[in-house]
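Peer 1: Can you keep this structure in mind? I'll have questions shortly.
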Amino acid sequence: LVQSGQHSSLAGLKTLHLNVSRADTGDVLIAFSPTAGPSRLNTTEDGKTGKIHLPKEIFQPLSSQTVRVVVTVLNIQQLGMFKEVNQTAQVLDNTVVGITVGESSISGLQDPVQLTFAHRELPQGVTPKCVFWDPSKGQAGGWRGSGCVTQPGDKGTVCSCDHLTFFTLLLNPALDGSTAKAVITVATAGCGVAMAFSIFTMAFCIFIRCRFRFEETVRINLGLHVNLVGSLFLLNLAFLLSSGISGRTHPRTCRFLGGLTHYCLLCCFTWTALEGCQLYLLFVKVLGIYIHHYLAKLCLVGWGFPVLVVGVAGAIGSYGEYNIQTTDHQVIAHLCWITSKHLLVHYITNCGYFGLIFLFNMAVFGVVAQKSCSLQGTGAVQGYYKPWKVALVAAGLFLLLGATWALAFLTYGISSAAVFYLFTILNSLQGVFIFIWLVILYYPKTKETSGSLSYIIRHDKNTTASQ
């Protein structure tokens with residue numbers, strides 16, 4: 001029973017105070033709008049405003065005296081509040097709704113509070129999610145979705161939450177259903193192609209390494225390529241296994257497959273970093289380099305370091321079933337991967353780790369490109385390296401140093417469907433590109449090409465020594 005009401009408003013803040021008595025109290029209905037603020041719900045409401053439904057369960061435990069219900073509508077753009085660090089999702093209409101009843105904290109409701117956020121048809125590529133503000137998240141607070149259920153609709157989204165606090169509707173970037181299914185189909189088919197050409201590439205490298213007499217530098221390069229392609233093969237295999245049996249297997253098996261997929265991905269990144277380190281040693285530290293059992297030590301780092309990372313992540317329970325959802329919350333794929341509760345592990349060990357590797361490798365690539373252009377300018381290597389072959393070497397190195405993986409950083413945003421397709425296709429064909437590149441570059445058809453990349457290295461060594 002609403003006995004009295006008061007309104008107050010400031011710039012970006014509108015509040016409704018309701019005094020509610022326990023006697024014969026039923027459900028309380030309130031309307032709110034980003035422009036008009038909150039008010040008692042009019043029975044002739046046309047549906048263009050949001051609605052709040054407070055169940056009578058909230059008021060039953062209260063004493064017989066009157067309690068105050070405070071509903072606050074905030075425009076966070078004007079007030080500069082409720083902004084999460086590195087937040088990629090958008091707040092619907094920049095509106096946050098706060099609800100308090102009395103002076104005590106209310107949580108664990110059996111009959112939830114329902115907030116209906118009115119909106120027009122949402123743009124393609126976003127997923128609505130009901131969240132509340134948690135001051136204890138991180139250093140400055142953040143949005144959480146626990147205790148809230150999201151029910152999207154054409155004219156509004158209903159948020160059913162078991163507690164009272166400050167709520168909003170986040171619009172998270174996501175794929176629509178048709179695009180997501182198409183990307184998954186392309187990725188699955190591409191994994192099979194990549195695995196086949198990875199086998200061809202490893203066989204080719206082993207064959208020419210054993211069949212022909214190369215200098216030690218080229219033999220080490222071939223060994224590096226074999227390990228990198230081997231990690232790609234294992235990654236594609238682990239992805240097919242985790243996506244194929246997830247949801248139909250024991251949770252322990254899914255945790256194991258999630259850890260295996262993460263391990264293979266980290267191995268792939270680490271071998272990409274080692275390719276960059278090898279180029280650095282060859283083109284920057286060109287004199288006086290000899291490391292005993294060099295390739296064996298590289299294998300220890302390339303295959304051993306990811307074990308430590310996966311071991312720590314597994315110890316805190318990071319692996320399990322991960323669901324890929326569309327904008328209407330339909331699950332279209334199950335993966336054994338890092339769970340949604342431990343996405344920080346993904347951001348640190350995958351995004352952060354690869355980001356550092358990519359920056360280093362691109363710096364090395366710049367040095368290599370500069371040296372190659374300077375040697376081409378002298379005319380000393382034109383008889384051995386034609387312009388098209390120099391371009392091929394550069395493209396192959398760019399691929400080996402992880403350029404296609406960097407596209408993953410561009411898949412965040414509403415208009416990212418094209419980047420998703422490009423990222424999926426190029427990474428699926430990475431094994432094909434490497435195979436073609438190695439066959440053209442390393443197979444010794446003539447004396448001029450038998451030295452491969454090592455000719456530029458030898459010439460650079462001679463130039464450095466003479467200087």
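Identifiers in the structure tokens: chain A, B, ... in order shown; residue index from 1 per chain; ligand index from 1 in order shown.
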As a list in words, please: every residue in range 161-190 of chain A that DSSP puts in alpha helix (DSSP H).

Peer 2: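 Matching residues for alpha helix (DSSP H) in range 161-190 of chain A are Gly177, Ser178, Thr179, Ala180, Lys181, Ala182, Val183, Ile184, Thr185, Val186, Ala187, Thr188, Ala189 and Gly190 of chain A.
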
Peer 1: Can you write just those residues out, all heavy atoms, as an mmCIF file, in the first residue's frame?

Peer 2:
data_model
loop_
_atom_site.group_PDB
_atom_site.id
_atom_site.type_symbol
_atom_site.label_atom_id
_atom_site.label_comp_id
_atom_site.auth_asym_id
_atom_site.auth_seq_id
_atom_site.Cartn_x
_atom_site.Cartn_y
_atom_site.Cartn_z
ATOM 1 N N GLY A 177 23.646 -15.606 -34.569
ATOM 2 C CA GLY A 177 23.612 -17.051 -34.705
ATOM 3 C C GLY A 177 24.147 -17.562 -36.030
ATOM 4 O O GLY A 177 24.969 -18.486 -36.064
ATOM 5 N N SER A 178 23.709 -16.982 -37.152
ATOM 6 C CA SER A 178 24.134 -17.477 -38.460
ATOM 7 C C SER A 178 25.626 -17.285 -38.677
ATOM 8 O O SER A 178 26.320 -18.176 -39.191
ATOM 9 C CB SER A 178 23.347 -16.769 -39.566
ATOM 10 O OG SER A 178 23.558 -15.354 -39.501
ATOM 11 N N THR A 179 26.152 -16.125 -38.261
ATOM 12 C CA THR A 179 27.583 -15.875 -38.420
ATOM 13 C C THR A 179 28.401 -16.813 -37.556
ATOM 14 O O THR A 179 29.416 -17.369 -37.994
ATOM 15 C CB THR A 179 27.915 -14.415 -38.068
ATOM 16 O OG1 THR A 179 27.158 -13.545 -38.904
ATOM 17 C CG2 THR A 179 29.392 -14.143 -38.261
ATOM 18 N N ALA A 180 27.958 -17.013 -36.308
ATOM 19 C CA ALA A 180 28.694 -17.892 -35.409
ATOM 20 C C ALA A 180 28.737 -19.327 -35.932
ATOM 21 O O ALA A 180 29.782 -19.982 -35.900
ATOM 22 C CB ALA A 180 28.063 -17.857 -34.017
ATOM 23 N N LYS A 181 27.609 -19.823 -36.425
ATOM 24 C CA LYS A 181 27.589 -21.185 -36.965
ATOM 25 C C LYS A 181 28.474 -21.310 -38.194
ATOM 26 O O LYS A 181 29.170 -22.318 -38.385
ATOM 27 C CB LYS A 181 26.154 -21.588 -37.295
ATOM 28 C CG LYS A 181 25.270 -21.772 -36.075
ATOM 29 C CD LYS A 181 23.845 -22.150 -36.463
ATOM 30 C CE LYS A 181 22.980 -22.314 -35.232
ATOM 31 N NZ LYS A 181 21.568 -22.657 -35.590
ATOM 32 N N ALA A 182 28.463 -20.275 -39.044
ATOM 33 C CA ALA A 182 29.305 -20.305 -40.234
ATOM 34 C C ALA A 182 30.783 -20.301 -39.867
ATOM 35 O O ALA A 182 31.591 -21.038 -40.457
ATOM 36 C CB ALA A 182 28.971 -19.125 -41.137
ATOM 37 N N VAL A 183 31.155 -19.480 -38.874
ATOM 38 C CA VAL A 183 32.545 -19.416 -38.443
ATOM 39 C C VAL A 183 32.994 -20.758 -37.863
ATOM 40 O O VAL A 183 34.107 -21.235 -38.131
ATOM 41 C CB VAL A 183 32.737 -18.277 -37.420
ATOM 42 C CG1 VAL A 183 34.101 -18.369 -36.756
ATOM 43 C CG2 VAL A 183 32.582 -16.930 -38.093
ATOM 44 N N ILE A 184 32.121 -21.374 -37.060
ATOM 45 C CA ILE A 184 32.468 -22.672 -36.477
ATOM 46 C C ILE A 184 32.626 -23.728 -37.559
ATOM 47 O O ILE A 184 33.534 -24.576 -37.513
ATOM 48 C CB ILE A 184 31.396 -23.081 -35.443
ATOM 49 C CG1 ILE A 184 31.453 -22.152 -34.230
ATOM 50 C CG2 ILE A 184 31.594 -24.528 -35.004
ATOM 51 C CD1 ILE A 184 30.353 -22.382 -33.236
ATOM 52 N N THR A 185 31.759 -23.706 -38.574
ATOM 53 C CA THR A 185 31.874 -24.658 -39.679
ATOM 54 C C THR A 185 33.186 -24.473 -40.433
ATOM 55 O O THR A 185 33.887 -25.445 -40.748
ATOM 56 C CB THR A 185 30.689 -24.496 -40.648
ATOM 57 O OG1 THR A 185 29.464 -24.697 -39.938
ATOM 58 C CG2 THR A 185 30.779 -25.496 -41.786
ATOM 59 N N VAL A 186 33.519 -23.212 -40.720
ATOM 60 C CA VAL A 186 34.782 -22.928 -41.415
ATOM 61 C C VAL A 186 35.973 -23.358 -40.567
ATOM 62 O O VAL A 186 36.949 -23.933 -41.082
ATOM 63 C CB VAL A 186 34.871 -21.427 -41.764
ATOM 64 C CG1 VAL A 186 36.251 -21.069 -42.294
ATOM 65 C CG2 VAL A 186 33.814 -21.059 -42.789
ATOM 66 N N ALA A 187 35.919 -23.089 -39.264
ATOM 67 C CA ALA A 187 37.022 -23.458 -38.383
ATOM 68 C C ALA A 187 37.198 -24.971 -38.309
ATOM 69 O O ALA A 187 38.327 -25.469 -38.333
ATOM 70 C CB ALA A 187 36.786 -22.886 -36.984
ATOM 71 N N THR A 188 36.096 -25.697 -38.242
ATOM 72 C CA THR A 188 36.186 -27.152 -38.164
ATOM 73 C C THR A 188 36.776 -27.742 -39.446
ATOM 74 O O THR A 188 37.663 -28.605 -39.401
ATOM 75 C CB THR A 188 34.794 -27.760 -37.912
ATOM 76 O OG1 THR A 188 34.249 -27.196 -36.710
ATOM 77 C CG2 THR A 188 34.887 -29.262 -37.767
ATOM 78 N N ALA A 189 36.281 -27.253 -40.592
ATOM 79 C CA ALA A 189 36.831 -27.732 -41.868
ATOM 80 C C ALA A 189 38.287 -27.312 -42.026
ATOM 81 O O ALA A 189 39.125 -28.086 -42.517
ATOM 82 C CB ALA A 189 35.992 -27.203 -43.024
ATOM 83 N N GLY A 190 38.599 -26.084 -41.621
ATOM 84 C CA GLY A 190 39.974 -25.605 -41.738
ATOM 85 C C GLY A 190 40.943 -26.378 -40.878
ATOM 86 O O GLY A 190 42.112 -26.550 -41.254
#

Peer 1: Residues near Asn236 in chain A, anyone? I mean within 10 Å using only C-alpha atoms, not counting same-chain ones fewer than 2 positions away, as a tab-separated table (two decimals) with all heavy atoms, in the first residue's frame.

Peer 2:
chain	number	residue	atom	x	y	z
A	187	ALA	N	35.92	-23.09	-39.26
A	187	ALA	CA	37.02	-23.46	-38.38
A	187	ALA	C	37.20	-24.97	-38.31
A	187	ALA	O	38.33	-25.47	-38.33
A	187	ALA	CB	36.79	-22.89	-36.98
A	188	THR	N	36.10	-25.70	-38.24
A	188	THR	CA	36.19	-27.15	-38.16
A	188	THR	C	36.78	-27.74	-39.45
A	188	THR	O	37.66	-28.60	-39.40
A	188	THR	CB	34.79	-27.76	-37.91
A	188	THR	OG1	34.25	-27.20	-36.71
A	188	THR	CG2	34.89	-29.26	-37.77
A	190	GLY	N	38.60	-26.08	-41.62
A	190	GLY	CA	39.97	-25.61	-41.74
A	190	GLY	C	40.94	-26.38	-40.88
A	190	GLY	O	42.11	-26.55	-41.25
A	191	CYS	N	40.49	-26.85	-39.72
A	191	CYS	CA	41.37	-27.64	-38.86
A	191	CYS	C	41.81	-28.93	-39.55
A	191	CYS	O	42.97	-29.34	-39.45
A	191	CYS	CB	40.66	-27.96	-37.54
A	191	CYS	SG	40.58	-26.58	-36.40
A	192	GLY	N	40.88	-29.57	-40.26
A	192	GLY	CA	41.23	-30.78	-40.99
A	192	GLY	C	42.25	-30.51	-42.07
A	192	GLY	O	43.23	-31.27	-42.24
A	193	VAL	N	42.06	-29.42	-42.82
A	193	VAL	CA	43.02	-29.05	-43.87
A	193	VAL	C	44.38	-28.72	-43.26
A	193	VAL	O	45.43	-29.13	-43.76
A	193	VAL	CB	42.48	-27.86	-44.69
A	193	VAL	CG1	43.51	-27.39	-45.70
A	193	VAL	CG2	41.19	-28.24	-45.39
A	194	ALA	N	44.36	-27.95	-42.17
A	194	ALA	CA	45.61	-27.55	-41.53
A	194	ALA	C	46.37	-28.76	-41.00
A	194	ALA	O	47.61	-28.81	-41.10
A	194	ALA	CB	45.32	-26.57	-40.39
A	195	MET	N	45.67	-29.74	-40.44
A	195	MET	CA	46.34	-30.93	-39.94
A	195	MET	C	47.00	-31.71	-41.07
A	195	MET	O	48.14	-32.20	-40.93
A	195	MET	CB	45.33	-31.81	-39.19
A	195	MET	CG	44.87	-31.23	-37.87
A	195	MET	SD	43.56	-32.22	-37.11
A	195	MET	CE	44.42	-33.77	-36.86
A	198	SER	N	50.02	-29.83	-42.22
A	198	SER	CA	51.06	-29.87	-41.18
A	198	SER	C	51.86	-31.15	-41.28
A	198	SER	O	53.10	-31.15	-41.12
A	198	SER	CB	50.42	-29.74	-39.80
A	198	SER	OG	49.80	-28.48	-39.64
A	231	SER	N	53.40	-28.04	-33.36
A	231	SER	CA	52.50	-27.44	-32.37
A	231	SER	C	51.18	-27.03	-33.00
A	231	SER	O	50.12	-27.13	-32.37
A	231	SER	CB	53.18	-26.24	-31.71
A	231	SER	OG	53.40	-25.19	-32.65
A	232	LEU	N	51.22	-26.56	-34.26
A	232	LEU	CA	49.98	-26.23	-34.97
A	232	LEU	C	49.13	-27.48	-35.19
A	232	LEU	O	47.90	-27.44	-35.04
A	232	LEU	CB	50.30	-25.58	-36.32
A	232	LEU	CG	50.80	-24.14	-36.29
A	232	LEU	CD1	51.24	-23.71	-37.69
A	232	LEU	CD2	49.72	-23.20	-35.78
A	233	PHE	N	49.78	-28.59	-35.54
A	233	PHE	CA	49.05	-29.85	-35.73
A	233	PHE	C	48.36	-30.27	-34.43
A	233	PHE	O	47.17	-30.63	-34.43
A	233	PHE	CB	50.01	-30.94	-36.19
A	233	PHE	CG	49.40	-32.31	-36.24
A	233	PHE	CD1	48.65	-32.71	-37.34
A	233	PHE	CD2	49.57	-33.21	-35.19
A	233	PHE	CE1	48.07	-33.97	-37.39
A	233	PHE	CE2	49.00	-34.47	-35.24
A	233	PHE	CZ	48.25	-34.85	-36.34
A	234	LEU	N	49.08	-30.23	-33.32
A	234	LEU	CA	48.49	-30.62	-32.04
A	234	LEU	C	47.38	-29.67	-31.62
A	234	LEU	O	46.37	-30.11	-31.04
A	234	LEU	CB	49.58	-30.67	-30.97
A	234	LEU	CG	50.66	-31.74	-31.14
A	234	LEU	CD1	51.72	-31.62	-30.05
A	234	LEU	CD2	50.04	-33.13	-31.13
A	238	ALA	N	43.64	-30.88	-30.90
A	238	ALA	CA	43.02	-30.65	-29.60
A	238	ALA	C	41.71	-29.88	-29.74
A	238	ALA	O	40.74	-30.15	-29.02
A	238	ALA	CB	43.99	-29.90	-28.69
A	239	PHE	N	41.66	-28.91	-30.66
A	239	PHE	CA	40.43	-28.15	-30.87
A	239	PHE	C	39.32	-29.05	-31.38
A	239	PHE	O	38.17	-28.96	-30.90
A	239	PHE	CB	40.69	-27.02	-31.86
A	239	PHE	CG	39.44	-26.28	-32.27
A	239	PHE	CD1	38.86	-25.33	-31.44
A	239	PHE	CD2	38.82	-26.56	-33.49
A	239	PHE	CE1	37.70	-24.66	-31.81
A	239	PHE	CE2	37.66	-25.89	-33.87
A	239	PHE	CZ	37.10	-24.95	-33.03
A	240	LEU	N	39.62	-29.92	-32.33
A	240	LEU	CA	38.60	-30.83	-32.86
A	240	LEU	C	38.10	-31.77	-31.77
A	240	LEU	O	36.89	-32.05	-31.68
A	240	LEU	CB	39.15	-31.62	-34.03
A	240	LEU	CG	39.42	-30.83	-35.32
A	240	LEU	CD1	40.00	-31.74	-36.39
A	240	LEU	CD2	38.14	-30.17	-35.83
A	241	LEU	N	39.00	-32.26	-30.93
A	241	LEU	CA	38.59	-33.16	-29.85
A	241	LEU	C	37.73	-32.43	-28.81
A	241	LEU	O	36.69	-32.94	-28.38
A	241	LEU	CB	39.82	-33.76	-29.17
A	241	LEU	CG	40.63	-34.77	-29.99
A	241	LEU	CD1	41.88	-35.19	-29.23
A	241	LEU	CD2	39.79	-35.99	-30.33
A	242	SER	N	38.16	-31.23	-28.42
A	242	SER	CA	37.42	-30.50	-27.38
A	242	SER	C	36.05	-30.04	-27.86
A	242	SER	O	35.09	-30.03	-27.09
A	242	SER	CB	38.24	-29.30	-26.91
A	242	SER	OG	38.38	-28.36	-27.95
A	261	THR	N	44.21	-28.23	-24.85
A	261	THR	CA	44.07	-27.20	-25.88
A	261	THR	C	44.83	-25.95	-25.50
A	261	THR	O	45.51	-25.34	-26.35
A	261	THR	CB	42.58	-26.87	-26.08
A	261	THR	OG1	41.84	-28.06	-26.36
A	261	THR	CG2	42.39	-25.90	-27.23
A	264	CYS	N	48.59	-26.62	-26.03
A	264	CYS	CA	48.98	-26.59	-27.44
A	264	CYS	C	49.02	-25.17	-27.98
A	264	CYS	O	49.90	-24.81	-28.77
A	264	CYS	CB	48.03	-27.45	-28.27
A	264	CYS	SG	48.09	-29.21	-27.88
A	265	LEU	N	48.06	-24.32	-27.55
A	265	LEU	CA	48.06	-22.94	-28.00
A	265	LEU	C	49.28	-22.20	-27.48
A	265	LEU	O	49.94	-21.44	-28.22
A	265	LEU	CB	46.78	-22.25	-27.52
A	265	LEU	CG	46.62	-20.78	-27.92
A	265	LEU	CD1	46.55	-20.63	-29.43
A	265	LEU	CD2	45.39	-20.17	-27.26
A	428	SER	N	43.31	-21.18	-40.41
A	428	SER	CA	43.08	-22.53	-40.90
A	428	SER	C	44.04	-22.87	-42.03
A	428	SER	O	44.46	-24.02	-42.17
A	428	SER	CB	41.63	-22.67	-41.38
A	428	SER	OG	40.72	-22.43	-40.33

Peer 1: Using only C-alpha atoms, which protein or nucleic acid residues come within 9 Å of Ala273 in chain A? Drop anything in the same chain fewer than 3 positions from it, and give the result as a ChimeraX atom specification.

Peer 2: /A:268-270,276-278,302,354,357-358,360-361,401-402

Peer 1: Could you pull the residues within 7 Å of range 108-119 of chain A, counting only C-alpha atoms, minus those fewer than 6 positions along the same chain, as a ChimeraX atom specification?

Peer 2: /A:48-55,57,155-163

Peer 1: Determine, counting only C-alpha atoms, which protein, DNA and RNA residues have an atom within 12 Å of an atom of range 308-314 of chain A; residues of the same chain fewer than 3 positions away are not included. Present the result as a compact mmCIF listing (two decimals) with N, CA, C and O atoms, in the first residue's frame.

Peer 2:
# COMPACT_ATOMS: atom_id res chain seq x y z
N ARG A 252 35.78 -34.32 -15.81
CA ARG A 252 37.23 -34.45 -15.68
C ARG A 252 37.89 -34.56 -17.05
O ARG A 252 38.95 -33.98 -17.29
N ARG A 255 37.93 -31.15 -18.55
CA ARG A 255 38.98 -30.32 -17.95
C ARG A 255 40.34 -30.68 -18.53
O ARG A 255 41.17 -29.80 -18.79
N PHE A 256 40.57 -31.98 -18.74
CA PHE A 256 41.83 -32.41 -19.34
C PHE A 256 41.98 -31.87 -20.76
O PHE A 256 43.04 -31.37 -21.14
N LEU A 257 40.91 -31.98 -21.56
CA LEU A 257 40.97 -31.49 -22.93
C LEU A 257 41.12 -29.97 -22.97
O LEU A 257 41.80 -29.43 -23.85
N GLY A 258 40.47 -29.27 -22.03
CA GLY A 258 40.65 -27.82 -21.96
C GLY A 258 42.09 -27.44 -21.68
O GLY A 258 42.65 -26.53 -22.29
N GLY A 259 42.71 -28.16 -20.72
CA GLY A 259 44.11 -27.92 -20.43
C GLY A 259 45.02 -28.28 -21.59
O GLY A 259 46.00 -27.59 -21.87
N LEU A 260 44.69 -29.37 -22.30
CA LEU A 260 45.49 -29.78 -23.45
C LEU A 260 45.41 -28.74 -24.57
O LEU A 260 46.44 -28.41 -25.18
N THR A 261 44.21 -28.23 -24.85
CA THR A 261 44.07 -27.20 -25.88
C THR A 261 44.83 -25.95 -25.50
O THR A 261 45.51 -25.34 -26.35
N HIS A 262 44.75 -25.55 -24.24
CA HIS A 262 45.49 -24.38 -23.78
C HIS A 262 46.99 -24.61 -23.91
O HIS A 262 47.75 -23.72 -24.33
N TYR A 263 47.45 -25.81 -23.55
CA TYR A 263 48.87 -26.15 -23.65
C TYR A 263 49.36 -26.06 -25.10
O TYR A 263 50.41 -25.47 -25.38
N CYS A 264 48.59 -26.62 -26.03
CA CYS A 264 48.98 -26.59 -27.44
C CYS A 264 49.02 -25.17 -27.98
O CYS A 264 49.90 -24.81 -28.77
N LEU A 265 48.06 -24.32 -27.55
CA LEU A 265 48.06 -22.94 -28.00
C LEU A 265 49.28 -22.20 -27.48
O LEU A 265 49.94 -21.44 -28.22
N LEU A 266 49.63 -22.42 -26.21
CA LEU A 266 50.81 -21.77 -25.65
C LEU A 266 52.09 -22.28 -26.31
O LEU A 266 53.04 -21.52 -26.50
N CYS A 267 52.13 -23.57 -26.66
CA CYS A 267 53.29 -24.11 -27.39
C CYS A 267 53.43 -23.42 -28.74
O CYS A 267 54.54 -23.07 -29.16
N THR A 270 54.80 -20.01 -28.13
CA THR A 270 56.19 -20.05 -27.69
C THR A 270 57.12 -20.34 -28.85
O THR A 270 58.19 -19.73 -28.98
N VAL A 301 62.50 -25.32 -23.97
CA VAL A 301 61.72 -24.11 -23.71
C VAL A 301 60.36 -24.17 -24.41
O VAL A 301 59.32 -23.88 -23.81
N GLY A 302 60.38 -24.56 -25.69
CA GLY A 302 59.15 -24.53 -26.47
C GLY A 302 58.08 -25.47 -25.98
O GLY A 302 56.88 -25.15 -26.01
N TRP A 303 58.48 -26.65 -25.51
CA TRP A 303 57.51 -27.63 -25.04
C TRP A 303 57.39 -27.67 -23.51
O TRP A 303 56.40 -28.20 -22.99
N GLY A 304 58.40 -27.12 -22.80
CA GLY A 304 58.40 -27.21 -21.35
C GLY A 304 57.76 -26.03 -20.65
O GLY A 304 57.02 -26.20 -19.66
N PHE A 305 58.01 -24.80 -21.14
CA PHE A 305 57.46 -23.62 -20.47
C PHE A 305 55.94 -23.65 -20.39
O PHE A 305 55.37 -23.32 -19.33
N GLY A 317 41.65 -24.51 -11.06
CA GLY A 317 40.39 -24.94 -11.65
C GLY A 317 39.92 -24.10 -12.81
O GLY A 317 38.71 -23.80 -12.91
N SER A 318 40.83 -23.74 -13.71
CA SER A 318 40.48 -22.84 -14.80
C SER A 318 39.80 -23.54 -15.97
O SER A 318 39.19 -22.86 -16.81
N TYR A 319 39.90 -24.87 -16.06
CA TYR A 319 39.44 -25.56 -17.26
C TYR A 319 38.11 -26.26 -17.03
O TYR A 319 37.80 -26.70 -15.93
N GLY A 320 37.34 -26.35 -18.10
CA GLY A 320 36.03 -27.00 -18.05
C GLY A 320 35.27 -26.69 -19.31
O GLY A 320 35.85 -26.36 -20.36
N TRP A 337 37.55 -25.77 -22.58
CA TRP A 337 38.45 -24.62 -22.66
C TRP A 337 38.50 -23.97 -21.29
O TRP A 337 38.06 -24.56 -20.30
N ILE A 338 39.00 -22.77 -21.21
CA ILE A 338 38.99 -21.99 -19.96
C ILE A 338 37.57 -21.53 -19.69
O ILE A 338 36.92 -20.96 -20.56
N THR A 339 37.07 -21.79 -18.49
CA THR A 339 35.68 -21.49 -18.17
C THR A 339 35.45 -19.98 -18.09
O THR A 339 36.39 -19.18 -17.96
N HIS A 342 36.93 -17.92 -15.22
CA HIS A 342 38.38 -17.69 -15.16
C HIS A 342 38.88 -17.06 -16.46
O HIS A 342 39.97 -17.39 -16.95
N LEU A 343 38.11 -16.14 -17.02
CA LEU A 343 38.54 -15.48 -18.25
C LEU A 343 39.79 -14.63 -18.04
O LEU A 343 40.50 -14.33 -19.00
N LEU A 344 40.06 -14.24 -16.80
CA LEU A 344 41.29 -13.49 -16.53
C LEU A 344 42.51 -14.32 -16.90
O LEU A 344 43.52 -13.76 -17.36
N VAL A 345 42.42 -15.63 -16.69
CA VAL A 345 43.52 -16.52 -17.09
C VAL A 345 43.74 -16.44 -18.60
O VAL A 345 44.88 -16.41 -19.09
N HIS A 346 42.65 -16.41 -19.35
CA HIS A 346 42.75 -16.28 -20.81
C HIS A 346 43.39 -14.96 -21.21
O HIS A 346 44.27 -14.92 -22.09
N ILE A 348 45.42 -13.05 -19.55
CA ILE A 348 46.83 -12.93 -19.16
C ILE A 348 47.70 -13.90 -19.96
O ILE A 348 48.69 -13.50 -20.59
N THR A 349 47.34 -15.19 -19.94
CA THR A 349 48.22 -16.21 -20.52
C THR A 349 48.13 -16.29 -22.04
O THR A 349 49.07 -16.75 -22.69
N ASN A 350 47.02 -15.87 -22.62
CA ASN A 350 46.87 -15.94 -24.07
C ASN A 350 47.03 -14.56 -24.72
O ASN A 350 47.96 -14.33 -25.49
N TYR A 353 50.29 -12.71 -23.22
CA TYR A 353 51.50 -13.43 -23.62
C TYR A 353 51.77 -13.25 -25.11
O TYR A 353 52.88 -12.91 -25.53

Peer 1: When DSSP is applied to the backbone of this structure, which of range 168-363 of chain A are assigned strand (DSSP E)? Write them out as an NGL selection string.

Peer 2: :A and (168-173 or 319-325 or 331-338)

Peer 1: If we count only C-alpha atoms, what is near Leu399 in chain A at a cut-off of 12 Å, once residues fewer than 2 positions away on the same chain are taken out, given as a ChimeraX atom specification?

Peer 2: /A:225,228-229,272,275-276,358,361-362,365,392-397,401-406,426-427,429-435,437-438
